[in-house]
file work-v8.cif (mmCIF, C-alpha atoms and all ligand atoms)
data_model
loop_
_atom_site.label_atom_id
_atom_site.label_comp_id
_atom_site.auth_asym_id
_atom_site.auth_seq_id
_atom_site.Cartn_x
_atom_site.Cartn_y
_atom_site.Cartn_z
CA MET Y 11 0.97 22.23 -109.33
CA SER Y 12 3.28 19.32 -108.44
CA ILE Y 13 6.07 19.74 -105.91
CA SER Y 14 9.37 17.90 -105.81
CA GLN Y 15 10.25 15.46 -103.01
CA ASN Y 16 12.89 17.90 -101.80
CA GLU Y 17 10.34 20.68 -101.53
CA LEU Y 18 8.01 18.31 -99.68
CA ILE Y 19 10.72 17.32 -97.22
CA HIS Y 20 11.56 20.98 -96.76
CA GLN Y 21 7.92 21.84 -96.14
CA ASN Y 22 7.58 19.00 -93.65
CA GLU Y 23 10.73 20.10 -91.84
CA ASP Y 24 9.29 23.59 -91.64
CA THR Y 25 5.97 22.50 -90.15
CA TYR Y 26 5.66 24.50 -86.98
CA SER Y 27 9.02 26.20 -87.56
CA LEU Y 28 9.97 28.49 -84.67
CA LYS Y 29 13.37 29.45 -86.03
CA GLY Y 30 14.66 32.61 -84.37
CA LYS Y 31 11.90 32.76 -81.77
CA VAL Y 32 12.73 32.90 -78.07
CA ALA Y 33 10.65 30.82 -75.68
CA ILE Y 34 10.58 30.72 -71.88
CA VAL Y 35 9.32 27.50 -70.30
CA THR Y 36 8.63 27.80 -66.59
CA GLY Y 37 9.25 24.52 -64.79
CA GLY Y 38 11.21 23.33 -67.82
CA SER Y 39 13.50 21.12 -65.75
CA ARG Y 40 11.26 18.06 -65.46
CA GLY Y 41 8.08 16.35 -66.62
CA ILE Y 42 5.83 18.07 -69.14
CA GLY Y 43 7.94 21.26 -69.14
CA SER Y 44 11.17 19.50 -70.13
CA THR Y 45 9.46 17.82 -73.10
CA ILE Y 46 7.90 21.14 -74.17
CA ALA Y 47 11.36 22.77 -73.99
CA LYS Y 48 12.95 20.06 -76.14
CA GLU Y 49 10.16 20.10 -78.73
CA LEU Y 50 10.29 23.92 -79.03
CA ALA Y 51 14.06 23.71 -79.51
CA LYS Y 52 13.68 21.01 -82.18
CA LYS Y 53 11.54 23.49 -84.11
CA GLY Y 54 14.31 26.08 -83.97
CA ALA Y 55 13.34 28.17 -80.94
CA ASN Y 56 15.99 29.40 -78.51
CA VAL Y 57 14.74 28.10 -75.20
CA VAL Y 58 15.03 29.42 -71.66
CA ILE Y 59 14.57 26.63 -69.17
CA ASN Y 60 13.35 27.97 -65.89
CA TYR Y 61 13.84 25.71 -62.88
CA ASN Y 62 13.42 26.18 -59.17
CA THR Y 63 15.22 23.30 -57.42
CA SER Y 64 16.14 20.76 -60.14
CA LYS Y 65 19.38 22.27 -61.44
CA THR Y 66 20.89 18.97 -62.60
CA SER Y 67 17.77 18.04 -64.57
CA ALA Y 68 17.63 21.51 -66.12
CA TYR Y 69 21.23 21.21 -67.33
CA SER Y 70 20.64 17.74 -68.74
CA VAL Y 71 17.73 19.16 -70.77
CA ILE Y 72 20.16 21.76 -72.13
CA GLU Y 73 22.66 19.01 -73.03
CA GLU Y 74 19.98 17.13 -74.95
CA ILE Y 75 18.95 20.28 -76.81
CA GLU Y 76 22.54 21.18 -77.67
CA PHE Y 77 23.21 17.61 -78.80
CA LEU Y 78 20.40 18.07 -81.33
CA GLY Y 79 21.96 21.35 -82.51
CA GLY Y 80 19.58 23.64 -80.62
CA SER Y 81 20.18 26.50 -78.21
CA ALA Y 82 19.05 26.70 -74.59
CA VAL Y 83 19.99 28.30 -71.28
CA ALA Y 84 18.73 27.64 -67.76
CA PHE Y 85 17.83 30.27 -65.19
CA GLN Y 86 16.95 29.45 -61.58
CA THR Y 87 13.81 31.33 -60.57
CA ASP Y 88 11.00 30.78 -58.11
CA VAL Y 89 8.12 32.01 -60.29
CA SER Y 90 5.89 32.42 -57.24
CA ASN Y 91 8.03 35.48 -56.48
CA LEU Y 92 7.24 38.61 -58.55
CA ASP Y 93 10.75 40.08 -58.53
CA GLU Y 94 12.37 36.76 -59.47
CA ALA Y 95 9.91 36.28 -62.35
CA HIS Y 96 10.76 39.75 -63.66
CA SER Y 97 14.50 38.93 -63.38
CA LEU Y 98 13.89 35.75 -65.41
CA VAL Y 99 12.48 37.81 -68.27
CA GLU Y 100 15.23 40.46 -67.97
CA GLU Y 101 17.89 37.72 -68.12
CA THR Y 102 16.15 36.18 -71.14
CA ILE Y 103 16.13 39.47 -73.04
CA SER Y 104 19.71 40.23 -72.10
CA HIS Y 105 20.80 36.74 -73.29
CA TYR Y 106 18.71 36.25 -76.45
CA GLY Y 107 17.62 39.86 -77.18
CA ARG Y 108 13.87 39.21 -77.23
CA VAL Y 109 11.02 37.06 -75.95
CA ASP Y 110 8.25 35.66 -78.16
CA ILE Y 111 6.73 32.68 -76.40
CA LEU Y 112 5.90 32.19 -72.73
CA ILE Y 113 4.87 28.76 -71.52
CA ASN Y 114 3.47 29.01 -68.00
CA ASN Y 115 3.99 25.40 -66.98
CA ALA Y 116 5.42 25.45 -63.42
CA GLY Y 117 3.06 23.77 -61.01
CA ILE Y 118 2.75 21.88 -57.75
CA THR Y 119 0.07 19.94 -55.89
CA ARG Y 120 -0.56 19.78 -52.15
CA ASP Y 121 -3.59 17.49 -52.13
CA ARG Y 122 -5.68 17.37 -48.95
CA THR Y 123 -9.43 17.24 -48.32
CA PHE Y 124 -10.69 20.73 -47.59
CA LYS Y 125 -11.39 20.06 -43.88
CA LYS Y 126 -7.71 19.24 -43.37
CA LEU Y 127 -6.23 21.73 -45.84
CA SER Y 128 -3.94 24.25 -44.15
CA LYS Y 129 -3.72 27.90 -45.19
CA HIS Y 130 -0.10 27.21 -46.02
CA GLU Y 131 -1.05 24.41 -48.46
CA TRP Y 132 -3.70 26.66 -50.01
CA ASP Y 133 -1.26 29.56 -50.42
CA ASP Y 134 1.60 27.46 -51.83
CA VAL Y 135 -0.55 26.01 -54.59
CA ILE Y 136 -2.18 29.33 -55.49
CA ASN Y 137 1.20 31.07 -55.50
CA VAL Y 138 3.06 28.57 -57.69
CA ASN Y 139 0.25 27.71 -60.12
CA LEU Y 140 -1.75 30.93 -60.37
CA ASN Y 141 0.07 33.97 -58.98
CA SER Y 142 3.12 32.90 -60.98
CA ILE Y 143 1.30 33.52 -64.26
CA TYR Y 144 0.60 37.11 -63.19
CA HIS Y 145 4.29 37.45 -62.32
CA THR Y 146 5.71 36.10 -65.60
CA THR Y 147 3.04 37.53 -67.89
CA SER Y 148 3.34 41.01 -66.39
CA ALA Y 149 7.06 40.82 -67.15
CA VAL Y 150 6.64 39.92 -70.86
CA ILE Y 151 3.45 41.69 -71.84
CA ASN Y 152 4.82 45.13 -72.77
CA THR Y 153 7.53 43.63 -74.95
CA MET Y 154 5.04 41.36 -76.73
CA LEU Y 155 2.54 44.19 -77.30
CA GLU Y 156 5.26 46.48 -78.64
CA GLN Y 157 6.60 43.85 -81.06
CA LYS Y 158 3.00 42.98 -82.03
CA TYR Y 159 3.75 39.30 -81.60
CA GLY Y 160 3.47 36.97 -78.66
CA ARG Y 161 2.30 33.50 -77.71
CA ILE Y 162 1.31 32.91 -74.10
CA ILE Y 163 0.35 29.31 -73.32
CA ASN Y 164 -0.86 28.41 -69.86
CA ILE Y 165 -0.71 24.79 -68.73
CA SER Y 166 -3.92 24.41 -66.74
CA SER Y 167 -5.51 21.03 -65.95
CA ILE Y 168 -8.61 18.89 -66.26
CA ILE Y 169 -8.90 19.47 -62.50
CA GLY Y 170 -9.58 23.15 -63.24
CA GLN Y 171 -12.54 22.08 -65.38
CA ALA Y 172 -13.98 19.07 -63.58
CA GLY Y 173 -12.73 19.50 -60.00
CA GLY Y 174 -10.77 16.87 -58.11
CA PHE Y 175 -11.31 15.19 -54.75
CA GLY Y 176 -8.84 16.66 -52.25
CA GLN Y 177 -7.82 19.34 -54.72
CA THR Y 178 -9.75 22.53 -53.88
CA ASN Y 179 -6.50 24.52 -53.90
CA TYR Y 180 -5.20 23.07 -57.19
CA SER Y 181 -8.62 23.21 -58.86
CA ALA Y 182 -9.10 26.87 -57.88
CA ALA Y 183 -5.66 27.74 -59.27
CA LYS Y 184 -6.15 25.83 -62.53
CA SER Y 185 -9.68 27.28 -63.08
CA GLY Y 186 -8.19 30.69 -62.40
CA MET Y 187 -5.67 30.11 -65.19
CA ILE Y 188 -8.51 29.48 -67.65
CA GLY Y 189 -10.34 32.70 -66.68
CA PHE Y 190 -7.06 34.63 -66.88
CA THR Y 191 -6.40 33.16 -70.35
CA LYS Y 192 -9.77 34.23 -71.77
CA SER Y 193 -9.70 37.73 -70.27
CA LEU Y 194 -6.12 38.51 -71.31
CA ALA Y 195 -6.83 37.11 -74.79
CA LEU Y 196 -9.58 39.73 -75.19
CA GLU Y 197 -7.19 42.51 -74.21
CA THR Y 198 -4.28 41.50 -76.46
CA ALA Y 199 -6.01 40.04 -79.55
CA LYS Y 200 -5.68 43.15 -81.70
CA SER Y 201 -1.93 43.33 -81.00
CA GLY Y 202 -0.99 39.90 -82.35
CA VAL Y 203 -0.52 38.40 -78.90
CA THR Y 204 -2.48 35.16 -78.49
CA VAL Y 205 -3.23 33.69 -75.09
CA ASN Y 206 -4.37 30.09 -74.79
CA ALA Y 207 -4.54 27.32 -72.23
CA ILE Y 208 -3.97 23.60 -72.39
CA CYS Y 209 -5.83 21.32 -70.04
CA PRO Y 210 -3.96 18.04 -69.78
CA GLY Y 211 -5.78 15.06 -68.33
CA TYR Y 212 -3.65 12.47 -66.56
CA ILE Y 213 -0.11 12.51 -67.94
CA GLU Y 214 2.80 10.16 -67.15
CA THR Y 215 5.06 12.34 -64.93
CA GLU Y 216 6.27 12.42 -61.33
CA MET Y 217 3.14 14.43 -60.48
CA ALA Y 218 0.94 11.59 -61.76
CA ALA Y 219 3.20 9.00 -60.09
CA ALA Y 220 2.18 10.54 -56.76
CA ILE Y 221 -1.42 9.36 -57.33
CA PRO Y 222 -2.08 6.26 -55.15
CA ALA Y 223 -2.34 2.97 -57.15
CA LYS Y 224 -5.97 2.34 -56.23
CA VAL Y 225 -6.99 5.86 -57.27
CA MET Y 226 -5.01 5.41 -60.51
CA ASP Y 227 -6.84 2.14 -61.34
CA ASN Y 228 -10.17 3.94 -60.93
CA LEU Y 229 -8.95 6.84 -63.08
CA LEU Y 230 -7.76 4.56 -65.90
CA ALA Y 231 -11.14 2.85 -65.97
CA LYS Y 232 -12.75 6.24 -66.63
CA ILE Y 233 -10.43 7.33 -69.46
CA PRO Y 234 -11.97 6.42 -72.85
CA MET Y 235 -8.46 5.84 -74.30
CA GLN Y 236 -7.69 3.66 -71.23
CA ARG Y 237 -4.18 5.01 -70.74
CA LEU Y 238 -2.32 8.01 -69.39
CA GLY Y 239 -1.19 10.67 -71.82
CA THR Y 240 2.46 11.30 -72.57
CA THR Y 241 4.39 14.53 -72.13
CA SER Y 242 4.96 14.52 -75.92
CA GLU Y 243 1.21 14.60 -76.50
CA VAL Y 244 0.98 17.77 -74.40
CA ALA Y 245 3.96 19.27 -76.24
CA GLU Y 246 2.20 18.62 -79.59
CA ALA Y 247 -0.60 20.94 -78.50
CA VAL Y 248 1.94 23.56 -77.40
CA LEU Y 249 3.64 23.52 -80.83
CA PHE Y 250 0.25 23.80 -82.53
CA LEU Y 251 -0.71 26.85 -80.44
CA ALA Y 252 2.73 28.42 -80.79
CA ASN Y 253 2.21 28.37 -84.56
CA SER Y 254 -1.43 29.41 -84.64
CA SER Y 255 -2.18 33.04 -85.41
CA TYR Y 256 -6.01 33.01 -85.30
CA ILE Y 257 -6.63 30.91 -82.19
CA THR Y 258 -6.86 32.82 -78.93
CA GLY Y 259 -8.70 32.55 -75.63
CA GLN Y 260 -9.08 28.80 -76.07
CA CYS Y 261 -8.51 25.85 -73.82
CA ILE Y 262 -7.34 22.71 -75.61
CA ASN Y 263 -8.05 19.46 -73.81
CA VAL Y 264 -5.33 16.81 -74.06
CA ASN Y 265 -7.02 14.17 -71.99
CA GLY Y 266 -7.80 10.94 -73.89
CA GLY Y 267 -11.49 11.87 -73.89
CA VAL Y 268 -11.95 11.76 -70.12
CA TYR Y 269 -13.60 15.21 -70.06
CA MET Y 270 -15.43 16.55 -73.10
P1 LIG G 301 6.38 17.90 -62.36
O1 LIG G 301 6.94 16.74 -63.10
O2 LIG G 301 6.13 17.80 -60.91
O3 LIG G 301 7.28 19.19 -62.68
C1 LIG G 301 6.92 20.42 -62.13
C2 LIG G 301 7.82 21.49 -62.67
O4 LIG G 301 7.43 22.74 -62.07
C3 LIG G 301 9.27 21.26 -62.31
O5 LIG G 301 10.07 21.60 -63.42
C4 LIG G 301 9.51 22.22 -61.16
O6 LIG G 301 10.82 22.74 -61.11
C5 LIG G 301 8.59 23.35 -61.55
N1 LIG G 301 8.29 24.21 -60.40
C6 LIG G 301 7.64 23.90 -59.27
N2 LIG G 301 7.60 24.96 -58.44
C7 LIG G 301 8.25 25.97 -59.08
C8 LIG G 301 8.54 27.32 -58.74
N3 LIG G 301 8.16 27.84 -57.58
N4 LIG G 301 9.23 28.07 -59.63
C9 LIG G 301 9.64 27.54 -60.82
N5 LIG G 301 9.38 26.26 -61.18
C10 LIG G 301 8.70 25.48 -60.33
O7 LIG G 301 4.96 18.33 -62.99
P2 LIG G 301 4.30 17.98 -64.39
O8 LIG G 301 3.45 16.78 -64.21
O9 LIG G 301 5.31 18.00 -65.46
O10 LIG G 301 3.31 19.22 -64.53
C11 LIG G 301 3.63 20.37 -65.31
C12 LIG G 301 2.38 21.23 -65.38
O11 LIG G 301 1.30 20.49 -65.96
C13 LIG G 301 1.90 21.70 -64.01
O12 LIG G 301 1.42 23.01 -64.09
C14 LIG G 301 0.76 20.75 -63.71
O13 LIG G 301 -0.15 21.33 -62.83
C15 LIG G 301 0.19 20.52 -65.09
N6 LIG G 301 -0.55 19.27 -65.23
C16 LIG G 301 0.05 18.07 -65.02
C17 LIG G 301 -0.71 16.90 -65.17
C18 LIG G 301 -0.11 15.53 -64.99
O14 LIG G 301 -0.86 14.54 -65.05
N7 LIG G 301 1.17 15.39 -64.79
C19 LIG G 301 -2.07 16.97 -65.53
C20 LIG G 301 -2.62 18.23 -65.72
C21 LIG G 301 -1.86 19.36 -65.58
P3 LIG G 301 11.96 22.20 -60.07
O15 LIG G 301 11.90 20.71 -60.10
O16 LIG G 301 13.19 22.80 -60.61
O17 LIG G 301 11.60 22.75 -58.72
#
call {"tool": "encode", "arguments": {"input": "work-v8.cif", "output": "C-alpha cells"}}
result
Amino acid sequence: MSISQNELIHQNEDTYSLKGKVAIVTGGSRGIGSTIAKELAKKGANVVINYNTSKTSAYSVIEEIEFLGGSAVAFQTDVSNLDEAHSLVEETISHYGRVDILINNAGITRDRTFKKLSKHEWDDVINVNLNSIYHTTSAVINTMLEQKYGRIINISSIIGQAGGFGQTNYSAAKSGMIGFTKSLALETAKSGVTVNAICPGYIETEMAAAIPAKVMDNLLAKIPMQRLGTTSEVAEAVLFLANSSYITGQCINVNGGVYM
C-alpha cells in the first residue's frame, strides 16, 4: 500500500509523539536535563522542570519550550529531601492533573580518592544521585500503577558500570541506580510501568568541563568515537525509552563505544 507525502510527513512528525503526557525531569535546569526537557516538550509532553539552585536557567528552558509552542513549568525542589520530592509530584499533579514520565536526572559529583573522601562528600553524592530516586519514585509509583502506564528513566553513568578513579561515592550511587532499575522493573512490569536506565559516557556539560584537561586528553584517547557525546544524544535515548512499551529493566549505553 502506498502512502501520500502528507501521510508520511504526519507519520514522521508523530514519531515518538508524547502528546498529552506529563513528564517530570529532575535537574532539568541545566546540562543533560535541560536538553531532555526540551526534547520531551518538542514531542508534545507537558514538562515539569525541577531545579534546585539554577532558577534563571530553569526559566530560560521554559521560555525556549514556550517559544516552540510547548508547555512547561518549573518547581524548585531539592530531590535529596523526601518531603520536597513528594511536594514536587503533588505540585505536578495539581498543575497538569497527572504524571506519566519521570526522568531521574539530578546528579552531582564530589570526586576525591577514597583515602581523602569525607563522610560528608560520600553522603552528599549518595543523597542527590541515589536516595533521590527513592524519593521521587515513591511519590509517583502509586499513580503510575493505578493508571497502568508509566515510564521511569534513571540517568546513571558509565562510572556505575566501569568505576572511576576518585569516584567511589559517585560509582556506588550510579551502580545503585542500575540495581534499583532492574528490581523495580520486575515489580511493575505487569502494570504497564517500565523502568529503564541510561548510562551516558562522557558528555559535553559543566560536569564534564570539571574534568582536568590532562585527564580529558587521556579519556578522549580511549573513546572509540574519539569525541564527547552531546546532551542531544542522551535525550535521543530518553525519547526512545519513553515510547517503548516492551523494553524494561534495561540499561542503554550512550558512550561512543568506550564501554561495551
Ligand atoms: P550538570 O550540568 O551539573 O547539571 C546537574 C543538574 O542536577 C542541574 O540541573 C542541577 O540543578 C541538578 N541538581 C543537582 N542537585 C540537585 C538537587 N539536590 N535537587 C534537584 N536538582 C539537583 O550535570 P549533567 O552533566 O547534565 O548530568 C546530568 C545527569 O547525568 C547526572 O545524574 C549525571 O550524574 C549524569 N551523567 C553525566 C555525565 C556527563 O558526562 N556530563 C556522564 C554520565 C552521567 P541546579 O543547577 O538547579 O542546582
call {"tool": "residues_near_ligand", "arguments": {"input": "work-v8.cif", "ligand": "ligand LIG 301 (chain G)", "cutoff": "6 Å", "atoms": "all atoms listed in the file", "output": "VMD selection string"}}
result
chain Y and resid 36 to 43 61 to 64 87 to 90 115 to 118 138 165 to 167 210 to 218
call {"tool": "atom_distance", "arguments": {"input": "work-v8.cif", "atom1": "CA of Arg120 (chain Y)", "atom2": "CA of Ala68 (chain Y)"}}
result
23.0 Å
call {"tool": "residues_around", "arguments": {"input": "work-v8.cif", "residues": "Ile136 (chain Y)", "least_positions_apart": "3", "cutoff": "9 Å", "atoms": "all atoms listed in the file", "output": "PyMOL selection string"}}
result
chain Y and resi 90+131-133+139-142+179-180+182-184
call {"tool": "residues_near_point", "arguments": {"input": "work-v8.cif", "point": "(4.5, 42.5, -74.7)", "cutoff": "12 Å", "atoms": "only C-alpha atoms", "output": "mmCIF file with C-alpha atoms, in the coordinates of the input"}}
result
data_model
loop_
_atom_site.group_PDB
_atom_site.id
_atom_site.type_symbol
_atom_site.label_atom_id
_atom_site.label_comp_id
_atom_site.auth_asym_id
_atom_site.auth_seq_id
_atom_site.Cartn_x
_atom_site.Cartn_y
_atom_site.Cartn_z
ATOM 1 C CA VAL Y 99 12.480 37.810 -68.270
ATOM 2 C CA ARG Y 108 13.870 39.210 -77.230
ATOM 3 C CA VAL Y 109 11.020 37.060 -75.950
ATOM 4 C CA ASP Y 110 8.250 35.660 -78.160
ATOM 5 C CA ILE Y 111 6.730 32.680 -76.400
ATOM 6 C CA LEU Y 112 5.900 32.190 -72.730
ATOM 7 C CA THR Y 146 5.710 36.100 -65.600
ATOM 8 C CA THR Y 147 3.040 37.530 -67.890
ATOM 9 C CA SER Y 148 3.340 41.010 -66.390
ATOM 10 C CA ALA Y 149 7.060 40.820 -67.150
ATOM 11 C CA VAL Y 150 6.640 39.920 -70.860
ATOM 12 C CA ILE Y 151 3.450 41.690 -71.840
ATOM 13 C CA ASN Y 152 4.820 45.130 -72.770
ATOM 14 C CA THR Y 153 7.530 43.630 -74.950
ATOM 15 C CA MET Y 154 5.040 41.360 -76.730
ATOM 16 C CA LEU Y 155 2.540 44.190 -77.300
ATOM 17 C CA GLU Y 156 5.260 46.480 -78.640
ATOM 18 C CA GLN Y 157 6.600 43.850 -81.060
ATOM 19 C CA LYS Y 158 3.000 42.980 -82.030
ATOM 20 C CA TYR Y 159 3.750 39.300 -81.600
ATOM 21 C CA GLY Y 160 3.470 36.970 -78.660
ATOM 22 C CA ARG Y 161 2.300 33.500 -77.710
ATOM 23 C CA ILE Y 162 1.310 32.910 -74.100
ATOM 24 C CA LEU Y 194 -6.120 38.510 -71.310
ATOM 25 C CA GLU Y 197 -7.190 42.510 -74.210
ATOM 26 C CA THR Y 198 -4.280 41.500 -76.460
ATOM 27 C CA ALA Y 199 -6.010 40.040 -79.550
ATOM 28 C CA SER Y 201 -1.930 43.330 -81.000
ATOM 29 C CA GLY Y 202 -0.990 39.900 -82.350
ATOM 30 C CA VAL Y 203 -0.520 38.400 -78.900
ATOM 31 C CA THR Y 204 -2.480 35.160 -78.490
ATOM 32 C CA VAL Y 205 -3.230 33.690 -75.090
#
call {"tool": "atom_distance", "arguments": {"input": "work-v8.cif", "atom1": "CA of Ser67 (chain Y)", "atom2": "CA of Tyr144 (chain Y)"}}
result
25.7 Å
call {"tool": "closest_residue", "arguments": {"input": "work-v8.cif", "among": "Y:Val35, Y:Thr25, Y:Gly107, Y:Ile169", "to": "Ala84 (chain Y)", "atoms": "only C-alpha atoms"}}
result
Y:Val35
call {"tool": "atom_distance", "arguments": {"input": "work-v8.cif", "atom1": "CA of Cys261 (chain Y)", "atom2": "CA of Asp227 (chain Y)"}}
result
26.8 Å
call {"tool": "closest_residue", "arguments": {"input": "work-v8.cif", "among": "Y:Ile188, Y:Ile59, Y:Leu92, Y:Ala51", "to": "Glu76 (chain Y)", "atoms": "all atoms listed in the file"}}
result
Y:Ala51
call {"tool": "closest_residue", "arguments": {"input": "work-v8.cif", "among": "Y:Thr123, Y:Asn265, Y:Thr66, Y:Ser254", "to": "Met235 (chain Y)", "atoms": "all atoms listed in the file"}}
result
Y:Asn265
call {"tool": "closest_residue", "arguments": {"input": "work-v8.cif", "among": "Y:Asn91, Y:Gly170, Y:Thr241, Y:Asp121", "to": "Pro222 (chain Y)", "atoms": "only C-alpha atoms"}}
result
Y:Asp121
call {"tool": "closest_residue", "arguments": {"input": "work-v8.cif", "among": "Y:Ile233, Y:Ala223, Y:Ile103, Y:Ala252", "to": "Lys29 (chain Y)", "atoms": "all atoms listed in the file"}}
result
Y:Ala252
call {"tool": "build_atoms", "arguments": {"input": "work-v8.cif", "residues": "region 156-177 of chain Y", "atoms": "N, CA, C and O atoms", "output": "tab-separated table (two decimals), keeping the file's coordinate frame"}}
result
chain	number	residue	atom	x	y	z
Y	156	GLU	N	4.47	45.56	-77.79
Y	156	GLU	CA	5.26	46.48	-78.64
Y	156	GLU	C	5.70	45.81	-79.93
Y	156	GLU	O	5.66	46.42	-81.00
Y	157	GLN	N	6.11	44.54	-79.84
Y	157	GLN	CA	6.60	43.85	-81.06
Y	157	GLN	C	5.44	43.28	-81.88
Y	157	GLN	O	5.64	42.71	-82.95
Y	158	LYS	N	4.22	43.46	-81.36
Y	158	LYS	CA	3.00	42.98	-82.03
Y	158	LYS	C	3.07	41.49	-82.35
Y	158	LYS	O	2.58	41.00	-83.38
Y	159	TYR	N	3.69	40.76	-81.45
Y	159	TYR	CA	3.75	39.30	-81.60
Y	159	TYR	C	4.00	38.69	-80.22
Y	159	TYR	O	4.90	39.13	-79.50
Y	160	GLY	N	3.22	37.70	-79.91
Y	160	GLY	CA	3.47	36.97	-78.66
Y	160	GLY	C	2.58	35.74	-78.59
Y	160	GLY	O	1.48	35.70	-79.16
Y	161	ARG	N	3.08	34.72	-77.93
Y	161	ARG	CA	2.30	33.50	-77.71
Y	161	ARG	C	2.43	33.17	-76.22
Y	161	ARG	O	3.53	32.85	-75.75
Y	162	ILE	N	1.31	33.27	-75.53
Y	162	ILE	CA	1.31	32.91	-74.10
Y	162	ILE	C	0.45	31.65	-73.97
Y	162	ILE	O	-0.70	31.62	-74.40
Y	163	ILE	N	1.05	30.60	-73.43
Y	163	ILE	CA	0.35	29.31	-73.32
Y	163	ILE	C	0.41	28.85	-71.87
Y	163	ILE	O	1.50	28.67	-71.30
Y	164	ASN	N	-0.76	28.74	-71.28
Y	164	ASN	CA	-0.86	28.41	-69.86
Y	164	ASN	C	-1.24	26.94	-69.69
Y	164	ASN	O	-2.24	26.49	-70.24
Y	165	ILE	N	-0.42	26.21	-68.95
Y	165	ILE	CA	-0.71	24.79	-68.73
Y	165	ILE	C	-1.62	24.68	-67.50
Y	165	ILE	O	-1.17	24.73	-66.36
Y	166	SER	N	-2.91	24.56	-67.80
Y	166	SER	CA	-3.92	24.41	-66.74
Y	166	SER	C	-4.08	22.91	-66.46
Y	166	SER	O	-3.08	22.18	-66.46
Y	167	SER	N	-5.30	22.45	-66.27
Y	167	SER	CA	-5.51	21.03	-65.95
Y	167	SER	C	-6.98	20.67	-66.05
Y	167	SER	O	-7.86	21.53	-65.85
Y	168	ILE	N	-7.24	19.42	-66.32
Y	168	ILE	CA	-8.61	18.89	-66.26
Y	168	ILE	C	-9.24	19.17	-64.89
Y	168	ILE	O	-10.44	19.36	-64.77
Y	169	ILE	N	-8.38	19.25	-63.85
Y	169	ILE	CA	-8.90	19.47	-62.50
Y	169	ILE	C	-9.49	20.88	-62.37
Y	169	ILE	O	-10.39	21.13	-61.57
Y	170	GLY	N	-9.01	21.81	-63.22
Y	170	GLY	CA	-9.58	23.15	-63.24
Y	170	GLY	C	-10.94	23.18	-63.92
Y	170	GLY	O	-11.68	24.16	-63.79
Y	171	GLN	N	-11.26	22.15	-64.69
Y	171	GLN	CA	-12.54	22.08	-65.38
Y	171	GLN	C	-13.54	21.20	-64.63
Y	171	GLN	O	-14.72	21.54	-64.54
Y	172	ALA	N	-13.06	20.07	-64.14
Y	172	ALA	CA	-13.98	19.07	-63.58
Y	172	ALA	C	-13.92	18.98	-62.06
Y	172	ALA	O	-14.75	18.31	-61.45
Y	173	GLY	N	-12.94	19.66	-61.44
Y	173	GLY	CA	-12.73	19.50	-60.00
Y	173	GLY	C	-11.97	18.22	-59.72
Y	173	GLY	O	-11.80	17.36	-60.60
Y	174	GLY	N	-11.49	18.08	-58.49
Y	174	GLY	CA	-10.77	16.87	-58.11
Y	174	GLY	C	-10.89	16.69	-56.60
Y	174	GLY	O	-10.73	17.65	-55.84
Y	175	PHE	N	-11.17	15.47	-56.18
Y	175	PHE	CA	-11.31	15.19	-54.75
Y	175	PHE	C	-9.98	15.52	-54.04
Y	175	PHE	O	-8.92	15.10	-54.48
Y	176	GLY	N	-10.06	16.30	-52.99
Y	176	GLY	CA	-8.84	16.66	-52.25
Y	176	GLY	C	-8.00	17.69	-52.97
Y	176	GLY	O	-6.81	17.84	-52.69
Y	177	GLN	N	-8.62	18.41	-53.90
Y	177	GLN	CA	-7.82	19.34	-54.72
Y	177	GLN	C	-8.47	20.72	-54.85
Y	177	GLN	O	-8.40	21.34	-55.91
